[in-house]
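Step one of this worksheet: look at the structure below.
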Amino acid sequence: MSDVTLTTLLQLKQRGEKITMLTCYDATFAATACDAGIEILLVGDSLGMVLQGQDSTLPVTIDEMAYHTACVKRGNKGALILSDLPFMSAATLEQTFASCAQLMRAGAHMVKLEGGAWLAESVRLLAERGIPSCVHLGLTPQSVNVFGGYKVQGRGDASAQKMLDEAIALEQAGAALLLLECVPSELAARISQAVQIPVIGIGAGPGADGQVLVMHDMLGLSLSGRTPKFVRNFMQGQSSIADAMSLYARSVKDTSFPAAEHEFSA
Ligand code: KIV
C-alpha cells in the first residue's frame, strides 16, 4: 500500500470508495492491519477500556496516547495514523497545541478531538499550524457523564439539524475529517453528502464515507461481555486475526458492512 494521505482520503470519497479505519495500539497489530488493507489506524483513547481495563476513556493521559502512537508508528506500513486527544488534554488552546505537538512528534499524521462546533477555533488554529484534525461528533465517549450513558445522538429534527450545522461549521473551520459515532443512519448520510471532507462512521450506518471499529470488538473480544449493536464479529469463520482484518476491510469496501442490523433509526 502506498502512503495514505489526506489527498488519498479525499480521492476515495470523490470516487465513492469506502474508507477503512480500525483502532490500533501497538506495532504488531499496526503491521497486520496495514497488510489487511486498513487505510487509517486510529490510536483511540478506547485503549483505556480495551488495554487498561478502565470503565471509561476518562483516565487516559496524553503521555499514554503518545506512547501508543509511537508504538503504532513503528509497525505502520503506509496507513494514515490518527491519534486521539484524551479527556481534558485540549481544554484550553495552549494545552491543545502542546498535546497535539506531543502526538505529532510521536508519529500521528492527524489528531482527533471530541466535541462540536465550539471546537471550530481550535480546528482553524491547528490547520494554520500544520496539524490536520478530525472532529468526533455524536456519541463522544469523553462526555459520557454529560449524556448520562452511551446513548444514540442526533435523534429528532432539532438535534439532527444541530449536528448537521456543526459538521458544516467544522468543515468551514478547516477540519480534515469527521467521525460520527452512534447516530441515525439517515443523519450520517445527510452529513456525508453535505460536506466535501470524508465522514467516517461507527454505528452510523452505510451512508458514511468510511467505517471504523474498535479492533477488540471486531475480533469478538470483550471484557464486559456486552457487544454494541453496531459491531460485527469478523473472527467468526476465520482462522487468524489477519484474515478477520482482511474480511473487515473487504466488507467495508464492498458495503456489506454495516448491514441493517448494525444501524440506528432516527
Ligand atoms: O477511541 C476510539 O477508539 C474511538 C472510536 C470509538 C471511534 O474514538
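Residues in the C-alpha cells are numbered from 1 in each chain, the chains being A, B, ... in the order shown, and ligands are numbered from 1 in the order shown.
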Can you pull out every residue with an atom within 7 Å of ligand 1? Use only C-alpha atoms and all ligand atoms and format it as a PDB file with C-alpha atoms, in the first residue's frame.
ATOM      1  CA  THR A  23      -8.294   1.199  16.064  1.00  0.00           C
ATOM      2  CA  LEU A  42      -6.880   5.132  14.890  1.00  0.00           C
ATOM      3  CA  VAL A  43      -4.879   5.230  18.097  1.00  0.00           C
ATOM      4  CA  GLY A  44      -8.069   5.651  20.076  1.00  0.00           C
ATOM      5  CA  ASP A  45      -8.435   6.510  23.725  1.00  0.00           C
ATOM      6  CA  SER A  46     -10.613   3.388  23.751  1.00  0.00           C
ATOM      7  CA  LEU A  47      -7.285   1.892  24.814  1.00  0.00           C
ATOM      8  CA  ASP A  84      -6.959  10.821  19.951  1.00  0.00           C
ATOM      9  CA  GLU A 181     -20.486   7.727  16.477  1.00  0.00           C
ATOM     10  CA  ILE A 202     -19.187   3.885  13.814  1.00  0.00           C
ATOM     11  CA  VAL A 212     -14.249   2.379  11.931  1.00  0.00           C
ATOM     12  CA  LEU A 213     -14.487  -0.283  14.650  1.00  0.00           C
ATOM     13  CA  VAL A 214     -12.579  -0.876  17.845  1.00  0.00           C
TER      14      VAL A 214
END
Interface rows for range 65-165 of chain A against range 217-240 of chain A: nearest pair, Å to one decimal, 12 Å, only C-alpha atoms, as CSV:
residue,atom,partner,partner_atom,distance
A:Tyr150,CA,A:Pro228,CA,10.0
A:Lys151,CA,A:Pro228,CA,11.0
A:Val152,CA,A:Lys229,CA,11.0
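Comparing A:His216, A:Gly207, A:Gly130, A:Ala160 by their smallest distance to Gly174 in chain A, the closest is A:Gly130 (using only C-alpha atoms).
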Problem - All residues 7 Å or closer to range 139-144 of chain A, only C-alpha atoms, same chain fewer than 2 positions away omitted, as an MDAnalysis selection string - result: chainID A and resid 57:58 87 114:115 136:137 146:153 181:182
Exercise for the section: Compile the contact shell of range 2-17 of chain A as an NGL selection string: residues with an atom at most 9 Å away, counting only C-alpha atoms, same-chain residues fewer than 5 positions apart removed. Expected result: :A and (39-40 or 77-80 or 109 or 132 or 176-177 or 196-199 or 209-210 or 253-254)
